[in-house]
Amino acid sequence: MIIFNPAISLVCAFIYSLILSFSEFNIFYILPVLFLMFIDSKNILFVLKKLLFLNLFIFTIFIFVWIQASFFEAINIYLRTNIIIFFNLLLFINSKGLDIIRGFSLLKFPKRFISTFYFSWKMILELQTEFRNIKTTLITRSFHNKTNLFIYQTYGNILGLLFIKSMQKAQNLKDSFELRGFNGEIFFNDNYKFDKYDFYLIFIILLTLILRYFI
Amino acid sequence: MSCSITLKNISYSNKDNILFENINLSVGHEEKVAIIGSNGVGKSSLLKIIAGIEESFFGELYLFHHLIKDKKDYKKFRFEVGYLPQDISSFFLSPTVIEDVMFSLRTTGINKDEAYQKALEILEQLEILHLKDRIIYELSGGEQKIVALAGILITKPKILLLDEPTNALDEESEKRIIKILNSIKKSMIIISHHKSFIEQLTPTIYKLENKKLIDYK
């Protein structure tokens, strides 16, 4: 499993997405995608499945643009959107979310931004765990999906429960801030080094950038 | 014996329900005191009052003979008091073990290398050095409790407030916690349901019952 330096991943993702967003589609834009597919071939199927799911939305846009503008414009937007998402999925597929926050920290983003991002990630993680626990409870208590008022009430209760849990978690977190002297800054102990794959990634993004201006 | 904590006529109500009233308690230097009681009698609320995160109470709270009127008064004693909450999932403010243990030092302005060294020392002392680079949320409940304890102990507090430190832990983890707590020479208030656990830590046990704190024999 290859994990790129998070700061480099973020910068490359940003540059690649930006140049592709403001350009006409060209075949050389596939180069970074091919590179990522080559070095992490195990995840291709998994990423493609995710991309296929996202295409439900992208395809709708494609249809609308086709009707409103032209087929050429629609296909251009469709391909670029897919490639940008595919590239980003491949780049961050092995990330647990934390790497992205570490990336922002390495890039010296404001402390408040990083701590807000970190605590949002933490809250999502905790709510995911709560949701999983509730799902397990539903299974163990013989809950079956049907179309009746009771089921909708149960879903309403689950949402309410998640809301209350998140309020409690937020209160506990506030107490922890106070107890532990939090002053808006999260400290990471990062000691990332540049790997050969990081250099390859930078090289391929630079190459794409050069090709974009010279072809 | 000088008192680290003194409570005088502390009363506390939760909405319309009076949880306890006129509680008096003194905890001496390096004295360990345990409080037991049924669910919902207000043990955790009492500990939160002493920890300075619950302000809506009546009575007087003294820390090292200083009267604490509000959170502002509490501020200068913040690192003298270490509080381990019952639910530690929100206690951690950093992703990995070493980063979280270092947190309290770095937030006071201690540089990264010094904080790192001190964190390593405390992890070694608590025999969890092998966990230093692990993501906290991937650890077991027992390991998380010890990491939280390390995060508290690193600031060298004079008072420890522990709310159910062995809650939902297995026998092995409980033994580890007992060993650690017995090796620490600090003033402590420990709340627990487990009488056998408490008895291995201190002979001074109180029971919160019928809104009063009574000696438990």
# chains A, B, ... in the order shown; residues from 1 in each chain; ligands from 1
>>> residues_around(residues="segment 4-9 of chain A", least_positions_apart="6", cutoff="8 Å", atoms="only C-alpha atoms", output="number ranges by chain")
A: 91-92, 99-100, 102-104, 106-107, 192-195, 197-198, 202
>>> write_last_selection(atoms="N, CA, C and O atoms", output="compact mmCIF listing (two decimals), in the first residue's frame")
# COMPACT_ATOMS: atom_id res chain seq x y z
N LEU A 91 -5.80 8.77 -5.51
CA LEU A 91 -4.77 9.40 -4.69
C LEU A 91 -5.06 9.25 -3.20
O LEU A 91 -4.15 9.05 -2.40
N PHE A 92 -6.33 9.34 -2.82
CA PHE A 92 -6.66 9.35 -1.39
C PHE A 92 -7.36 8.07 -0.93
O PHE A 92 -7.85 8.03 0.19
N ASP A 99 -4.76 11.80 7.16
CA ASP A 99 -3.62 12.22 6.34
C ASP A 99 -3.87 13.57 5.69
O ASP A 99 -2.96 14.37 5.52
N ILE A 100 -5.13 13.79 5.32
CA ILE A 100 -5.47 15.05 4.66
C ILE A 100 -5.27 16.21 5.65
O ILE A 100 -4.71 17.25 5.30
N ARG A 102 -3.28 16.14 8.22
CA ARG A 102 -1.82 16.26 8.40
C ARG A 102 -1.21 17.04 7.23
O ARG A 102 -0.27 17.81 7.40
N GLY A 103 -1.77 16.80 6.04
CA GLY A 103 -1.30 17.52 4.85
C GLY A 103 -1.48 19.02 5.01
O GLY A 103 -0.57 19.80 4.76
N PHE A 104 -2.67 19.42 5.48
CA PHE A 104 -2.92 20.84 5.72
C PHE A 104 -1.96 21.40 6.76
O PHE A 104 -1.50 22.53 6.66
N LEU A 106 1.08 20.26 7.42
CA LEU A 106 2.41 20.39 6.80
C LEU A 106 2.48 21.60 5.89
O LEU A 106 3.54 22.21 5.74
N LEU A 107 1.35 21.92 5.27
CA LEU A 107 1.31 23.08 4.36
C LEU A 107 1.12 24.40 5.10
O LEU A 107 0.93 25.44 4.49
N TYR A 192 7.27 13.24 8.19
CA TYR A 192 7.16 12.66 6.85
C TYR A 192 8.43 12.94 6.06
O TYR A 192 9.02 14.00 6.16
N LYS A 193 8.81 11.97 5.26
CA LYS A 193 9.95 12.16 4.37
C LYS A 193 9.45 12.03 2.93
O LYS A 193 8.42 11.43 2.68
N PHE A 194 10.25 12.56 2.00
CA PHE A 194 9.87 12.44 0.60
C PHE A 194 10.27 11.06 0.09
O PHE A 194 11.42 10.65 0.22
N ASP A 195 9.30 10.39 -0.47
CA ASP A 195 9.53 9.06 -1.00
C ASP A 195 9.75 9.20 -2.50
O ASP A 195 9.41 10.23 -3.10
N TYR A 197 8.07 7.83 -4.74
CA TYR A 197 6.76 7.95 -5.37
C TYR A 197 6.24 9.39 -5.34
O TYR A 197 5.51 9.81 -6.22
N ASP A 198 6.64 10.11 -4.29
CA ASP A 198 6.24 11.53 -4.20
C ASP A 198 6.88 12.31 -5.36
O ASP A 198 6.24 13.15 -5.98
N ILE A 202 5.01 14.30 -8.41
CA ILE A 202 5.27 15.72 -8.74
C ILE A 202 5.69 15.83 -10.21
O ILE A 202 5.22 16.69 -10.95
>>> residues_around(residues="segment 37-41 of chain A", least_positions_apart="3", cutoff="12 Å", atoms="only C-alpha atoms", output="list in words")
Met1, Ile2, Ile3, Phe4, Ile30, Leu31, Pro32, Val33, Leu34, Ile44, Leu45, Phe46, Val47, Leu48, Phe86, Phe87, Asn88, Leu89, Leu90, Leu91, Phe92, Ile93, Asn94, Lys196, Tyr197, Asp198, Tyr200 and Leu201 of chain A
>>> closest_atom_pairs(of="chain A", to="chain B", cutoff="7 Å", atoms="only C-alpha atoms", output="JSON lines")
{"residue": "A:Lys169", "atom": "CA", "partner": "B:Ser90", "partner_atom": "CA", "distance": 6.4}
{"residue": "A:Asn172", "atom": "CA", "partner": "B:Ser90", "partner_atom": "CA", "distance": 5.8}
{"residue": "A:Leu173", "atom": "CA", "partner": "B:Ser90", "partner_atom": "CA", "distance": 5.0}
{"residue": "A:Asp175", "atom": "CA", "partner": "B:Ile53", "partner_atom": "CA", "distance": 6.5}
{"residue": "A:Ser176", "atom": "CA", "partner": "B:Phe91", "partner_atom": "CA", "distance": 5.4}
{"residue": "A:Leu179", "atom": "CA", "partner": "B:Arg78", "partner_atom": "CA", "distance": 6.8}
{"residue": "A:Arg180", "atom": "CA", "partner": "B:Ser104", "partner_atom": "CA", "distance": 6.0}
{"residue": "A:Gly181", "atom": "CA", "partner": "B:Thr107", "partner_atom": "CA", "distance": 6.7}
{"residue": "A:Phe182", "atom": "CA", "partner": "B:Thr107", "partner_atom": "CA", "distance": 6.6}
{"residue": "A:Asn183", "atom": "CA", "partner": "B:Thr107", "partner_atom": "CA", "distance": 6.9}
{"residue": "A:Ile186", "atom": "CA", "partner": "B:Ser94", "partner_atom": "CA", "distance": 6.8}
{"residue": "A:Phe187", "atom": "CA", "partner": "B:Phe103", "partner_atom": "CA", "distance": 6.6}
{"residue": "A:Phe188", "atom": "CA", "partner": "B:Glu99", "partner_atom": "CA", "distance": 6.2}
{"residue": "A:Asn189", "atom": "CA", "partner": "B:Glu99", "partner_atom": "CA", "distance": 6.1}
>>> atom_distance(atom1="atom CA of Ala148 of chain B", atom2="atom CA of Lys132 of chain B")
12.5 Å
>>> select_by_dssp(residues="chain B", states="alpha helix (DSSP H)", output="ChimeraX atom specification")
/B:43-51,71-74,97-107,112-125,141-153,171-183,195-199
>>> closest_residue(among="B:Gln144, B:Gln200, B:Lys32, B:Thr166", to="Leu131 of chain B", atoms="only C-alpha atoms")
B:Gln144
>>> select_by_dssp(residues="segment 144-196 of chain B", states="strand (DSSP E or B)", output="list in words")
Ile159, Leu160, Leu161, Leu162, Asp163, Ser187, Met188, Ile189, Ile190 and Ile191 of chain B
>>> write_last_selection(atoms="N, CA, C and O atoms", output="compact mmCIF listing (two decimals), in the first residue's frame")
# COMPACT_ATOMS: atom_id res chain seq x y z
N ILE B 159 -3.50 16.61 42.10
CA ILE B 159 -4.76 15.94 42.43
C ILE B 159 -5.24 15.15 41.21
O ILE B 159 -5.19 15.65 40.09
N LEU B 160 -5.70 13.93 41.46
CA LEU B 160 -6.31 13.14 40.37
C LEU B 160 -7.77 12.86 40.70
O LEU B 160 -8.08 12.43 41.82
N LEU B 161 -8.63 13.12 39.73
CA LEU B 161 -10.05 12.84 39.90
C LEU B 161 -10.43 11.78 38.87
O LEU B 161 -10.34 12.04 37.66
N LEU B 162 -10.77 10.61 39.32
CA LEU B 162 -10.99 9.50 38.39
C LEU B 162 -12.43 9.01 38.47
O LEU B 162 -12.87 8.52 39.52
N ASP B 163 -13.13 9.17 37.37
CA ASP B 163 -14.54 8.77 37.33
C ASP B 163 -14.65 7.39 36.67
O ASP B 163 -14.46 7.27 35.45
N SER B 187 -2.90 13.11 45.64
CA SER B 187 -4.25 13.14 46.21
C SER B 187 -5.20 12.63 45.13
O SER B 187 -5.06 13.02 43.97
N MET B 188 -6.11 11.78 45.53
CA MET B 188 -7.00 11.19 44.52
C MET B 188 -8.42 11.07 45.02
O MET B 188 -8.63 10.77 46.21
N ILE B 189 -9.37 11.31 44.15
CA ILE B 189 -10.76 10.93 44.43
C ILE B 189 -11.16 9.98 43.32
O ILE B 189 -11.05 10.31 42.14
N ILE B 190 -11.55 8.80 43.73
CA ILE B 190 -11.89 7.77 42.75
C ILE B 190 -13.37 7.39 42.91
O ILE B 190 -13.83 7.14 44.02
N ILE B 191 -14.04 7.36 41.79
CA ILE B 191 -15.44 6.93 41.80
C ILE B 191 -15.53 5.59 41.11
O ILE B 191 -14.94 5.40 40.03
>>> closest_residue(among="B:Leu63, B:Leu47, B:Leu19, B:Leu153", to="Ser4 of chain B", atoms="only C-alpha atoms")
B:Leu63
>>> closest_residue(among="A:Ile124, A:Phe177, A:Trp66, A:Phe131", to="Tyr155 of chain A", atoms="only C-alpha atoms")
A:Phe131
>>> atom_distance(atom1="atom CA of Leu18 of chain A", atom2="atom CA of Leu36 of chain A")
18.1 Å
>>> atom_distance(atom1="atom CA of Thr81 of chain A", atom2="atom CA of Cys12 of chain A")
16.4 Å
>>> closest_residue(among="B:Tyr216, B:Phe77, B:Tyr12, B:Tyr206", to="Ile35 of chain B", atoms="only C-alpha atoms")
B:Tyr206
